[in-house]
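Asker: structure-v6.tsv is the file, holding TSV, C-alpha atoms:
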```
chain	number	residue	atom	x	y	z
M	1	MET	CA	121.34	139.38	115.06
M	2	SER	CA	120.94	143.11	115.50
M	3	HIS	CA	117.26	142.45	116.14
M	4	THR	CA	118.02	140.16	119.04
M	5	ASN	CA	120.11	142.86	120.61
M	6	ASP	CA	117.29	145.37	120.14
M	7	THR	CA	114.73	143.27	121.95
M	8	HIS	CA	117.17	142.63	124.71
M	9	ALA	CA	118.09	146.29	125.14
M	10	GLU	CA	114.49	147.06	126.12
M	11	HIS	CA	114.93	145.27	129.41
M	12	GLY	CA	118.71	145.23	129.60
M	13	GLY	CA	118.90	146.82	133.02
M	14	GLY	CA	116.31	144.51	134.55
M	15	ALA	CA	117.81	141.33	133.09
M	16	ILE	CA	119.87	140.44	136.16
M	17	ALA	CA	116.93	141.27	138.44
M	18	GLU	CA	114.73	138.97	136.34
M	19	ILE	CA	117.28	136.13	136.51
M	20	LYS	CA	117.41	136.50	140.30
M	21	LYS	CA	113.63	136.53	140.56
M	22	VAL	CA	113.23	133.40	138.41
M	23	THR	CA	116.01	131.60	140.33
M	24	ILE	CA	114.20	132.27	143.59
M	25	ILE	CA	110.86	131.14	142.13
M	26	LEU	CA	112.38	127.91	140.79
M	27	SER	CA	114.09	127.16	144.11
M	28	VAL	CA	110.92	127.81	146.08
M	29	LEU	CA	108.86	125.61	143.75
M	30	THR	CA	111.42	122.79	144.05
M	31	ILE	CA	111.49	123.08	147.84
M	32	VAL	CA	107.68	123.00	147.99
M	33	GLU	CA	107.72	119.91	145.73
M	34	LEU	CA	110.21	118.20	148.03
M	35	ILE	CA	108.21	119.10	151.15
M	36	LEU	CA	105.13	117.58	149.51
M	37	GLY	CA	107.23	114.54	148.57
M	38	PHE	CA	108.38	114.06	152.16
M	39	TRP	CA	104.88	114.63	153.43
M	40	MET	CA	103.59	111.87	151.14
M	41	ILE	CA	105.88	109.22	152.67
M	42	GLY	CA	103.71	106.81	154.60
M	43	MET	CA	100.53	108.75	153.88
M	44	GLU	CA	97.49	106.52	154.35
M	45	SER	CA	94.63	108.35	152.63
M	46	LYS	CA	94.60	107.47	148.90
M	47	ALA	CA	92.57	110.56	148.03
M	48	LEU	CA	95.08	112.81	149.78
M	49	VAL	CA	97.99	111.12	147.98
M	50	LEU	CA	96.24	111.72	144.66
M	51	GLY	CA	95.68	115.36	145.59
M	52	VAL	CA	99.33	115.86	146.56
M	53	LYS	CA	100.47	114.19	143.33
M	54	GLY	CA	98.19	116.52	141.35
M	55	THR	CA	99.70	119.51	143.15
M	56	ILE	CA	103.20	118.28	142.36
M	57	VAL	CA	102.30	117.99	138.66
M	58	ILE	CA	100.95	121.57	138.68
M	59	LEU	CA	104.16	122.81	140.37
M	60	MET	CA	106.16	120.88	137.75
M	61	MET	CA	104.29	122.67	134.95
M	62	ALA	CA	104.94	126.02	136.66
M	63	LYS	CA	108.67	125.23	136.83
M	64	ALA	CA	108.68	124.24	133.16
M	65	PHE	CA	106.95	127.53	132.30
M	66	TYR	CA	109.53	129.63	134.16
M	67	ILE	CA	112.47	127.79	132.59
M	68	VAL	CA	111.11	128.08	129.05
M	69	ALA	CA	109.71	131.60	129.36
M	70	TYR	CA	112.60	133.30	131.14
M	71	PHE	CA	115.74	131.16	131.01
M	72	MET	CA	115.14	130.14	127.41
M	73	HIS	CA	113.87	133.65	126.77
M	74	LEU	CA	110.81	132.48	124.84
M	75	LYS	CA	108.51	134.99	126.53
M	76	HIS	CA	110.48	137.87	125.04
M	77	GLU	CA	110.49	136.47	121.51
M	78	VAL	CA	108.17	137.48	118.67
M	79	LYS	CA	104.66	136.04	119.01
M	80	ASN	CA	105.00	134.09	115.75
M	81	LEU	CA	108.04	132.23	117.05
M	82	ILE	CA	106.28	131.44	120.34
M	83	MET	CA	103.34	130.03	118.40
M	84	THR	CA	105.45	127.78	116.14
M	85	ILE	CA	106.90	126.20	119.30
M	86	VAL	CA	103.91	126.10	121.62
M	87	VAL	CA	101.18	125.03	119.19
M	88	PRO	CA	102.87	121.76	118.08
M	89	LEU	CA	103.74	120.97	121.71
M	90	SER	CA	100.09	121.31	122.67
M	91	LEU	CA	99.69	117.89	121.01
M	92	PHE	CA	101.02	116.56	124.32
M	93	ILE	CA	97.71	117.41	126.00
M	94	TRP	CA	96.03	114.87	123.77
M	95	PHE	CA	98.87	112.35	124.00
M	96	ILE	CA	98.80	112.31	127.78
M	97	ILE	CA	95.02	111.99	128.07
M	98	ALA	CA	94.76	109.33	125.36
M	99	PHE	CA	97.67	107.13	126.40
M	100	LEU	CA	97.05	107.23	130.14
M	101	ALA	CA	93.37	106.44	129.57
M	102	ASP	CA	94.44	103.58	127.33
M	103	GLY	CA	96.82	102.22	129.96
M	104	ASN	CA	94.13	102.44	132.60
M	105	SER	CA	91.62	100.68	130.36
M	106	PHE	CA	94.14	97.91	129.63
M	107	ARG	CA	94.62	97.35	133.36
M	108	ASN	CA	90.87	97.13	133.90
M	109	LEU	CA	90.48	94.69	131.03
M	110	ARG	CA	93.30	92.50	132.34
M	111	ASN	CA	91.88	92.54	135.86
M	112	ASP	CA	88.50	91.50	134.47
M	113	TYR	CA	89.54	88.86	131.98
M	114	ASP	CA	93.10	87.76	132.78
M	115	ARG	CA	92.85	85.72	135.96
M	116	TYR	CA	96.57	85.04	136.06
M	117	PHE	CA	97.36	88.75	135.95
M	118	LYS	CA	94.85	89.50	138.69
M	119	GLU	CA	96.14	86.65	140.86
M	120	GLN	CA	99.77	87.72	140.56
M	121	SER	CA	98.97	91.21	141.75
M	122	THR	CA	97.44	89.94	144.99
M	123	ILE	CA	100.24	87.57	146.11
M	124	LYS	CA	102.49	89.21	148.64
M	125	VAL	CA	106.21	88.48	148.43
M	126	ALA	CA	109.07	89.16	150.79
M	127	GLN	CA	111.50	91.92	149.90
M	128	PRO	CA	114.49	90.07	148.43
M	129	GLU	CA	117.78	90.64	150.13
M	130	HIS	CA	119.92	93.34	148.55
M	131	GLY	CA	123.64	93.23	148.28
M	132	GLY	CA	126.50	92.21	146.05
M	133	GLY	CA	127.21	88.92	144.39
M	134	GLY	CA	125.31	86.86	141.90
M	135	HIS	CA	124.68	89.74	139.49
M	136	GLU	CA	125.72	87.84	136.43
M	137	ALA	CA	123.73	84.74	137.32
M	138	GLU	CA	120.70	86.74	138.25
M	139	GLY	CA	121.10	88.94	135.23
M	140	ALA	CA	121.01	85.98	132.89
M	141	ALA	CA	117.95	84.57	134.62
M	142	GLY	CA	116.28	87.94	134.98
M	143	ALA	CA	116.74	88.87	131.36
M	144	ALA	CA	114.85	85.80	130.20
M	145	HIS	CA	111.75	86.70	132.17
M	146	THR	CA	110.07	90.00	131.69
M	147	ASP	CA	106.50	90.46	132.75
M	148	SER	CA	105.77	87.68	135.17
M	149	ALA	CA	105.73	87.92	138.91
M	150	ALA	CA	105.97	84.14	139.31
M	151	HIS	CA	109.23	84.11	137.44
M	152	LYS	CA	110.49	86.92	139.59
M	153	THR	CA	110.09	84.95	142.82
M	154	ASP	CA	111.61	82.02	140.97
M	155	THR	CA	114.62	84.17	140.15
M	156	SER	CA	115.15	85.28	143.71
M	157	ALA	CA	114.86	81.68	144.86
M	158	LYS	CA	117.65	80.77	142.47
M	159	HIS	CA	119.59	83.73	143.75
M	160	GLU	CA	119.34	82.38	147.27
M	161	GLU	CA	120.43	78.92	146.12
M	162	ALA	CA	123.45	80.36	144.38
M	163	LYS	CA	124.51	82.01	147.60
M	164	HIS	CA	124.58	78.80	149.62
I	1	MET	CA	93.26	132.78	105.36
I	2	SER	CA	91.29	135.48	107.12
I	3	THR	CA	94.42	136.41	109.08
I	4	THR	CA	96.24	137.42	105.91
I	5	THR	CA	93.44	139.70	104.77
I	6	THR	CA	93.04	141.35	108.16
I	7	ALA	CA	96.77	141.56	108.81
I	8	SER	CA	97.83	144.71	110.57
I	9	PRO	CA	100.31	147.00	108.80
I	10	THR	CA	103.12	145.98	111.15
I	11	GLU	CA	102.51	142.32	110.46
I	12	ALA	CA	102.54	142.94	106.72
I	13	LYS	CA	105.85	144.71	107.14
I	14	LEU	CA	107.15	141.83	109.27
I	15	TRP	CA	106.53	139.30	106.52
I	16	GLY	CA	107.21	141.72	103.68
I	17	GLY	CA	110.80	140.54	103.32
I	18	GLY	CA	114.05	142.29	104.06
I	19	LYS	CA	114.09	141.29	107.71
I	20	SER	CA	113.72	138.19	109.85
I	21	PRO	CA	110.04	137.80	110.75
I	22	PHE	CA	110.99	135.96	113.94
I	23	SER	CA	113.66	138.59	114.65
I	24	VAL	CA	116.10	135.91	115.79
I	25	GLU	CA	118.92	134.49	113.74
I	26	TYR	CA	118.53	131.32	111.71
I	27	GLY	CA	120.61	129.10	114.01
I	28	LYS	CA	118.53	129.97	117.03
I	29	VAL	CA	115.25	129.19	115.26
I	30	MET	CA	116.69	125.85	114.18
I	31	MET	CA	117.87	125.13	117.73
I	32	TRP	CA	114.31	125.75	118.89
I	33	TYR	CA	112.95	123.33	116.31
I	34	PHE	CA	115.54	120.72	117.25
I	35	LEU	CA	114.60	121.08	120.90
I	36	MET	CA	110.93	120.74	119.99
I	37	SER	CA	111.67	117.42	118.26
I	38	ASP	CA	113.75	116.35	121.25
I	39	ALA	CA	110.84	117.26	123.52
I	40	PHE	CA	108.70	114.85	121.52
I	41	THR	CA	111.30	112.11	122.00
I	42	PHE	CA	111.39	112.59	125.76
I	43	GLY	CA	107.63	113.03	125.80
I	44	ALA	CA	107.22	109.68	124.05
I	45	PHE	CA	109.47	108.03	126.63
I	46	LEU	CA	107.67	109.53	129.60
I	47	ILE	CA	104.20	108.89	128.20
I	48	SER	CA	105.05	105.24	127.53
I	49	TYR	CA	106.30	105.03	131.12
I	50	GLY	CA	103.01	106.52	132.31
I	51	THR	CA	100.96	104.21	130.13
I	52	VAL	CA	102.73	101.09	131.38
I	53	ARG	CA	102.46	102.30	134.97
I	54	PHE	CA	98.74	102.93	134.54
I	55	SER	CA	98.25	99.46	133.05
I	56	THR	CA	99.91	97.73	136.04
I	57	ASN	CA	98.32	97.06	139.43
I	58	GLY	CA	101.39	97.67	141.56
I	59	TRP	CA	104.48	99.82	141.32
I	60	PRO	CA	107.57	100.16	143.57
I	61	ASP	CA	107.58	103.00	146.08
I	62	PRO	CA	110.29	105.47	144.96
I	63	ASN	CA	110.93	106.43	148.59
I	64	LEU	CA	112.08	102.88	149.31
I	65	VAL	CA	114.12	102.57	146.12
I	66	PHE	CA	115.93	105.91	146.02
I	67	ARG	CA	116.91	106.37	149.63
I	68	SER	CA	120.70	106.23	149.59
I	69	PHE	CA	123.27	108.92	149.89
I	70	PRO	CA	127.03	108.80	149.23
I	71	PHE	CA	129.07	108.23	152.39
I	72	ALA	CA	125.88	107.60	154.38
I	73	PRO	CA	126.41	105.11	157.20
I	74	GLU	CA	124.96	101.64	156.65
I	75	GLY	CA	121.30	101.45	157.54
I	76	ILE	CA	120.66	105.19	157.31
I	77	HIS	CA	117.94	105.87	154.77
I	78	ALA	CA	117.25	109.30	153.39
I	79	PRO	CA	114.61	109.26	150.65
I	80	LEU	CA	114.63	112.19	148.21
I	81	VAL	CA	117.74	113.80	149.70
I	82	PHE	CA	120.26	112.81	147.05
I	83	VAL	CA	117.94	113.58	144.15
I	84	SER	CA	117.22	117.01	145.66
I	85	VAL	CA	120.94	117.72	145.56
I	86	MET	CA	121.05	116.64	141.90
I	87	THR	CA	118.06	118.86	141.07
I	88	PHE	CA	119.61	121.89	142.71
I	89	ILE	CA	122.93	121.30	140.94
I	90	LEU	CA	121.13	121.38	137.60
I	91	ILE	CA	119.07	124.47	138.48
I	92	VAL	CA	122.18	126.34	139.61
I	93	SER	CA	124.07	125.37	136.46
I	94	SER	CA	121.10	126.65	134.45
I	95	VAL	CA	121.31	129.97	136.28
I	96	THR	CA	125.05	130.31	135.59
I	97	MET	CA	124.28	129.55	131.92
I	98	VAL	CA	121.76	132.43	131.83
I	99	LEU	CA	124.41	134.65	133.39
I	100	ALA	CA	126.90	133.55	130.71
I	101	VAL	CA	124.39	134.43	127.96
I	102	HIS	CA	123.77	137.77	129.65
I	103	ALA	CA	127.51	138.47	129.85
I	104	GLY	CA	127.70	137.56	126.15
I	105	HIS	CA	125.13	140.23	125.32
I	106	ASN	CA	127.31	142.78	127.04
I	107	MET	CA	130.41	141.48	125.19
I	108	ASP	CA	131.90	140.69	128.59
I	109	LYS	CA	134.39	137.94	127.78
I	110	LYS	CA	135.52	137.46	131.38
I	111	GLY	CA	131.94	137.04	132.57
I	112	VAL	CA	131.21	134.49	129.84
I	113	VAL	CA	134.31	132.46	130.71
I	114	ARG	CA	133.62	132.52	134.44
I	115	ASN	CA	129.98	131.49	134.10
I	116	MET	CA	130.69	128.86	131.45
I	117	ILE	CA	133.24	127.26	133.78
I	118	TRP	CA	130.63	127.16	136.56
I	119	THR	CA	128.08	125.66	134.18
I	120	ILE	CA	130.52	122.96	133.09
I	121	ILE	CA	131.37	122.17	136.71
I	122	GLY	CA	127.64	121.88	137.47
I	123	GLY	CA	127.15	119.53	134.53
I	124	ILE	CA	130.04	117.32	135.56
I	125	ALA	CA	128.80	117.30	139.16
I	126	PHE	CA	125.36	116.19	138.01
I	127	LEU	CA	126.85	113.41	135.87
I	128	SER	CA	128.97	112.25	138.80
I	129	CYS	CA	125.89	112.08	141.02
I	130	GLN	CA	124.06	110.09	138.39
I	131	ALA	CA	127.00	107.73	137.93
I	132	TRP	CA	127.08	107.15	141.69
I	133	GLU	CA	123.35	106.47	141.81
I	134	TRP	CA	123.42	104.07	138.84
I	135	ASN	CA	126.36	102.23	140.36
I	136	HIS	CA	124.60	102.01	143.71
I	137	LEU	CA	121.37	100.69	142.17
I	138	PHE	CA	123.35	98.20	140.11
I	139	HIS	CA	124.94	96.86	143.26
I	140	GLU	CA	121.49	96.49	144.78
I	141	GLY	CA	120.68	94.24	141.83
I	142	ALA	CA	118.77	96.71	139.67
I	143	TRP	CA	119.57	96.89	135.97
I	144	TRP	CA	117.82	96.55	132.64
I	145	GLY	CA	115.91	93.28	132.88
I	146	GLN	CA	116.26	92.82	136.63
I	147	ASN	CA	114.36	94.47	139.42
I	148	PRO	CA	115.14	93.64	143.06
I	149	PHE	CA	112.43	95.96	144.42
I	150	ILE	CA	108.90	94.89	145.28
I	151	ASN	CA	105.74	96.90	144.74
I	152	ALA	CA	104.51	99.38	147.32
I	153	ASP	CA	101.61	97.03	148.16
I	154	GLY	CA	103.98	94.12	148.86
I	155	THR	CA	103.40	92.21	145.64
I	156	ALA	CA	106.12	91.16	143.23
I	157	SER	CA	107.21	93.84	140.78
I	158	THR	CA	108.02	93.53	137.10
I	159	THR	CA	111.17	94.71	135.36
I	160	ASN	CA	109.22	97.58	133.75
I	161	PHE	CA	110.23	99.84	136.62
I	162	THR	CA	113.99	99.44	136.20
I	163	ASN	CA	113.80	99.30	132.39
I	164	PHE	CA	112.06	102.66	132.21
I	165	PHE	CA	114.19	104.20	134.94
I	166	PHE	CA	117.52	103.30	133.35
I	167	THR	CA	116.39	104.05	129.81
I	168	ILE	CA	114.97	107.49	130.56
I	169	THR	CA	117.54	108.71	133.09
I	170	GLY	CA	120.21	107.25	130.80
I	171	PHE	CA	118.89	109.16	127.81
I	172	HIS	CA	118.73	112.31	129.89
I	173	GLY	CA	122.23	111.71	131.26
I	174	PHE	CA	123.49	111.36	127.70
I	175	HIS	CA	121.94	114.75	126.92
I	176	VAL	CA	123.71	116.24	129.94
I	177	PHE	CA	126.95	114.72	128.69
I	178	SER	CA	126.48	116.23	125.20
I	179	GLY	CA	125.61	119.53	126.85
I	180	VAL	CA	128.83	119.48	128.84
I	181	VAL	CA	130.82	118.72	125.67
I	182	ILE	CA	129.06	121.58	123.81
I	183	ASN	CA	129.72	123.93	126.73
I	184	ILE	CA	133.41	122.98	126.79
I	185	ILE	CA	133.63	123.72	123.06
I	186	MET	CA	131.93	127.09	123.67
I	187	LEU	CA	134.40	127.83	126.47
I	188	ILE	CA	137.36	127.04	124.20
I	189	MET	CA	135.89	129.22	121.44
I	190	THR	CA	135.44	132.06	123.92
I	191	LEU	CA	138.98	131.70	125.25
I	192	THR	CA	140.41	131.75	121.71
I	193	ASN	CA	138.51	135.01	121.04
I	194	GLN	CA	136.39	133.52	118.22
I	195	PHE	CA	133.28	135.34	119.41
I	196	GLU	CA	135.16	138.59	119.97
I	197	LYS	CA	136.24	138.40	116.32
I	198	ARG	CA	132.67	137.70	115.18
I	199	GLY	CA	131.42	140.61	117.25
I	200	HIS	CA	128.67	138.64	118.98
I	201	TYR	CA	128.16	135.75	121.41
I	202	ASN	CA	125.14	134.17	119.68
I	203	MET	CA	126.67	130.70	119.87
I	204	ILE	CA	126.58	130.92	123.67
I	205	GLU	CA	122.85	131.61	123.40
I	206	LYS	CA	122.29	128.49	121.32
I	207	ALA	CA	124.34	126.32	123.67
I	208	GLY	CA	122.35	127.95	126.47
I	209	LEU	CA	119.04	126.93	124.90
I	210	TYR	CA	120.23	123.33	124.75
I	211	TRP	CA	121.45	123.43	128.34
I	212	HIS	CA	118.18	124.85	129.65
I	213	PHE	CA	116.31	122.17	127.75
I	214	VAL	CA	118.34	119.52	129.58
I	215	ASP	CA	117.36	121.18	132.86
I	216	LEU	CA	113.73	121.31	131.70
I	217	VAL	CA	113.70	117.59	130.91
I	218	TRP	CA	115.13	116.85	134.35
I	219	VAL	CA	112.19	118.71	135.92
I	220	PHE	CA	109.88	116.17	134.29
I	221	VAL	CA	112.08	113.10	134.83
I	222	PHE	CA	112.67	114.01	138.47
I	223	THR	CA	108.95	114.47	139.12
I	224	CYS	CA	107.84	111.34	137.26
I	225	PHE	CA	110.37	108.94	138.81
I	226	TYR	CA	111.15	110.28	142.26
I	227	LEU	CA	108.07	112.15	143.41
I	228	LEU	CA	104.99	110.54	141.84
```
Turn the structure described in the file into structure tokens.
Answerer:
Amino acid sequence: MSHTNDTHAEHGGGAIAEIKKVTIILSVLTIVELILGFWMIGMESKALVLGVKGTIVILMMAKAFYIVAYFMHLKHEVKNLIMTIVVPLSLFIWFIIAFLADGNSFRNLRNDYDRYFKEQSTIKVAQPEHGGGGHEAEGAAGAAHTDSAAHKTDTSAKHEEAKH
Amino acid sequence: MSTTTTASPTEAKLWGGGKSPFSVEYGKVMMWYFLMSDAFTFGAFLISYGTVRFSTNGWPDPNLVFRSFPFAPEGIHAPLVFVSVMTFILIVSSVTMVLAVHAGHNMDKKGVVRNMIWTIIGGIAFLSCQAWEWNHLFHEGAWWGQNPFINADGTASTTNFTNFFFTITGFHGFHVFSGVVINIIMLIMTLTNQFEKRGHYNMIEKAGLYWHFVDLVWVFVFTCFYLL
């Protein structure tokens, strides 16, 4: 415990200044993220959308770094402690690459070989009407069906019937 | 192995016994390890969400789903506005938590109490916002197993969207709730002078780590569900 106080004493005077600085950085990063989010609404170019999404992910990582390093104080801890936390978490790099690639491959396989799946993702449907009523009935019907678009339209049809 | 043979004198002293090699107390190291395991839990949730989203052709547009605001007139849509408020509430409560930890270092009981109260208020405000949003979505017909929203490309959507949304924000909301309970316990312990008697406010630091982690998870949840 005395050790913690020692490490903190080194930058005791600047602690409040550091908190202020990190607060401003986090707010600015969030505002930039939101501006990008608003900018993306109704954006046509797919490449641009992908680029903006990539930027948002980078900003997200920057925010995570500032929270962990300064608010959770990890940057000022002993290197050994930092390593026992950061090294196991680096497994996530592999998890993300492997699982997202797997999901993407599964979609490609289904589009190639599962005609039903492909067909369902080309049929346009009308946005069902929102609003109260019929939750229980729809819930019971909705719970039975999970992954099928055809059932979904079926459900909303029933929903309409129930209303009349 | 080579690191042990080439260890610098200071490192040998660090691991030579008689002092904590991590130079933090036991409870704080264990809190870090707990949070690491919790990060893997949330990571598993978010990666499974990503995997399912990548394996599907269409996905609902978050700007059409999350576009409501409390007390907004009927027909007025404001995408991202409400969730921005929630995000800032959580960031601000994280800042007041840091200030409480800092006050604890200086043995400033009044500062700890004041900042802990602000942190608790922030936590409760966030939970209220989430309760409102869940209630609103439920009344639009969204719940586990039912999804009233269509995909961004106009095709019918599956229930994966709502299932992941309610599971992950629900799990995060439960963490916020536990954090608020922990913070209230810390506030009571501060008010009853328990930390003054101990001579240190290390418990506030550990509660602070947990609270910042909750904020950290929200950074990821917020980005994955509302922005991407």
Asker: Applying 10 Å and all atoms listed in the file, which residues near Glu196 in chain I remain after dropping the ones on its own chain fewer than 3 positions away? List them as JSON, numbers by chain.
Answerer: {"I": [104, 107, 108, 109, 189, 190, 191, 192, 193, 199, 200, 201]}
Asker: If you measure from CA of Met36 in chain I to CA of Met116 in chain I, what distance in Å do you get, rounded to one decimal?
Answerer: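 We find that CA of Met36 in chain I and CA of Met116 in chain I lie 24.2 Å from each other.
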Asker: Calculated over all atoms listed in the file, which of the candidates I:Val217, I:Leu209, I:Ala44, I:Val81 has the smallest distance to Ile96 in chain M?
Answerer: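 Checking each of I:Val217, I:Leu209, I:Ala44, I:Val81 against Ile96 in chain M, counting all atoms listed in the file, the winner is I:Ala44.
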Asker: Got a sec: who's within 12 Å of Lys75 in chain M, counting all atoms listed in the file, leaving out chain neighbours fewer than 6 positions off, as an NGL selection string?
Answerer: :M and (7-8 or 65-69 or 81-83 or 85-86)
Asker: Which residues of chain I come within 7 Å of chain M, and what is each one's closest atom pair and distance in Å (one decimal), counting all atoms listed in the file, sorted by chain and residue number, as JSON lines?
Answerer:
```
{"residue": "I:Phe22", "atom": "CA", "partner": "M:Leu81", "partner_atom": "CA", "distance": 5.7}
{"residue": "I:Ser23", "atom": "CA", "partner": "M:His3", "partner_atom": "CA", "distance": 5.5}
{"residue": "I:Val24", "atom": "CA", "partner": "M:Thr4", "partner_atom": "CA", "distance": 5.7}
{"residue": "I:Glu25", "atom": "CA", "partner": "M:Met1", "partner_atom": "CA", "distance": 5.6}
{"residue": "I:Met36", "atom": "CA", "partner": "M:Ile85", "partner_atom": "CA", "distance": 6.8}
{"residue": "I:Ile47", "atom": "CA", "partner": "M:Ile96", "partner_atom": "CA", "distance": 6.4}
{"residue": "I:Gly50", "atom": "CA", "partner": "M:Leu100", "partner_atom": "CA", "distance": 6.4}
{"residue": "I:Thr51", "atom": "CA", "partner": "M:Gly103", "partner_atom": "CA", "distance": 4.6}
{"residue": "I:Val52", "atom": "CA", "partner": "M:Gly103", "partner_atom": "CA", "distance": 6.2}
{"residue": "I:Phe54", "atom": "CA", "partner": "M:Gly103", "partner_atom": "CA", "distance": 5.0}
{"residue": "I:Ser55", "atom": "CA", "partner": "M:Arg107", "partner_atom": "CA", "distance": 4.2}
{"residue": "I:Thr56", "atom": "CA", "partner": "M:Arg107", "partner_atom": "CA", "distance": 5.9}
{"residue": "I:Asn57", "atom": "CA", "partner": "M:Ser121", "partner_atom": "CA", "distance": 6.3}
{"residue": "I:Gly58", "atom": "CA", "partner": "M:Ser121", "partner_atom": "CA", "distance": 6.9}
{"residue": "I:Val95", "atom": "CA", "partner": "M:Thr23", "partner_atom": "CA", "distance": 6.9}
{"residue": "I:Val98", "atom": "CA", "partner": "M:Phe71", "partner_atom": "CA", "distance": 6.2}
{"residue": "I:His139", "atom": "CA", "partner": "M:Gly132", "partner_atom": "CA", "distance": 5.6}
{"residue": "I:Glu140", "atom": "CA", "partner": "M:His130", "partner_atom": "CA", "distance": 5.2}
{"residue": "I:Gly141", "atom": "CA", "partner": "M:His135", "partner_atom": "CA", "distance": 6.5}
{"residue": "I:Gly145", "atom": "CA", "partner": "M:Ala143", "partner_atom": "CA", "distance": 4.7}
{"residue": "I:Gln146", "atom": "CA", "partner": "M:Gly142", "partner_atom": "CA", "distance": 5.2}
{"residue": "I:Pro148", "atom": "CA", "partner": "M:Pro128", "partner_atom": "CA", "distance": 6.5}
{"residue": "I:Phe149", "atom": "CA", "partner": "M:Gln127", "partner_atom": "CA", "distance": 6.9}
{"residue": "I:Ile150", "atom": "CA", "partner": "M:Gln127", "partner_atom": "CA", "distance": 6.1}
{"residue": "I:Gly154", "atom": "CA", "partner": "M:Lys124", "partner_atom": "CA", "distance": 5.1}
{"residue": "I:Thr155", "atom": "CA", "partner": "M:Lys124", "partner_atom": "CA", "distance": 4.3}
{"residue": "I:Ala156", "atom": "CA", "partner": "M:Ala149", "partner_atom": "CA", "distance": 5.4}
{"residue": "I:Ser157", "atom": "CA", "partner": "M:Ala149", "partner_atom": "CA", "distance": 6.4}
{"residue": "I:Thr158", "atom": "CA", "partner": "M:Asp147", "partner_atom": "CA", "distance": 5.5}
{"residue": "I:Thr159", "atom": "CA", "partner": "M:Thr146", "partner_atom": "CA", "distance": 6.1}
{"residue": "I:Leu209", "atom": "CA", "partner": "M:Met72", "partner_atom": "CA", "distance": 5.6}
{"residue": "I:His212", "atom": "CA", "partner": "M:Met72", "partner_atom": "CA", "distance": 6.5}
{"residue": "I:Leu216", "atom": "CA", "partner": "M:Ala64", "partner_atom": "CA", "distance": 6.0}
{"residue": "I:Val219", "atom": "CA", "partner": "M:Met60", "partner_atom": "CA", "distance": 6.7}
{"residue": "I:Phe220", "atom": "CA", "partner": "M:Met60", "partner_atom": "CA", "distance": 6.9}
{"residue": "I:Leu227", "atom": "CA", "partner": "M:Gly37", "partner_atom": "CA", "distance": 5.7}
{"residue": "I:Leu228", "atom": "CA", "partner": "M:Lys53", "partner_atom": "CA", "distance": 6.0}
```
Asker: At what distance in Å, to one decimal, does CA of Arg115 in chain M lie from CA of Cys224 in chain I?
Answerer: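 One can read the CA of Cys224 in chain I to CA of Arg115 in chain M distance as 29.7 Å.
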Asker: Tell me which of I:Cys129, I:Ala207, I:Leu137, I:Ile188 sits closest to Phe88 in chain I, counting only C-alpha atoms.
Answerer: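 Smallest distance to Phe88 in chain I is found for I:Cys129.
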Asker: Return the single residue from I:Ala125, I:Val92, I:Val65, I:Met203 that is closest to Leu80 in chain I, with distances computed using all atoms listed in the file.
Answerer: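 Nearest candidate to Leu80 in chain I out of I:Ala125, I:Val92, I:Val65, I:Met203: I:Val65.
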Asker: Work out how far CA of Tyr226 in chain I is from CA of Val83 in chain I, in Å to one decimal.
Answerer: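 That distance, rounded to one decimal, is 7.8 Å.
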Asker: Would you mind listing what lies within 8 Å of range 168-185 of chain I as a PyMOL selection string, with all atoms listed in the file counted and same-chain residues fewer than 3 positions away left out?
Answerer: chain I and resi 42+45-46+116+119-120+123-124+127+130+164-165+188-189+207+210-211+214+217-218+221
Asker: Excluding Ala103 in chain I and residues on its chain fewer than 6 positions from it, collect all residues at most 10 Å away from it, counting only C-alpha atoms, and give them as a compact mmCIF listing (two decimals) with C-alpha atoms, in the frame of the given file.
Answerer:
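Writing done, so here's selection-v9.txt:
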```txt
# COMPACT_ATOMS: atom_id res chain seq x y z
CA MET I 97 124.28 129.55 131.92
CA LYS I 109 134.39 137.94 127.78
CA LYS I 110 135.52 137.46 131.38
CA GLY I 111 131.94 137.04 132.57
CA VAL I 112 131.21 134.49 129.84
CA VAL I 113 134.31 132.46 130.71
CA ARG I 114 133.62 132.52 134.44
CA ASN I 115 129.98 131.49 134.10
CA TYR I 201 128.16 135.75 121.41
CA ILE I 204 126.58 130.92 123.67
```
Asker: Using only C-alpha atoms, which of I:Trp134, I:Lys206, I:Val85, I:Lys13 sits nearest Met30 in chain I?
Answerer: I:Lys206
Asker: Counting only C-alpha atoms, which residue out of I:Ala131, I:Ile91, I:Ala152, I:Leu99 sits closest to Val28 in chain M?
Answerer: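 Smallest distance to Val28 in chain M is found for I:Ile91.
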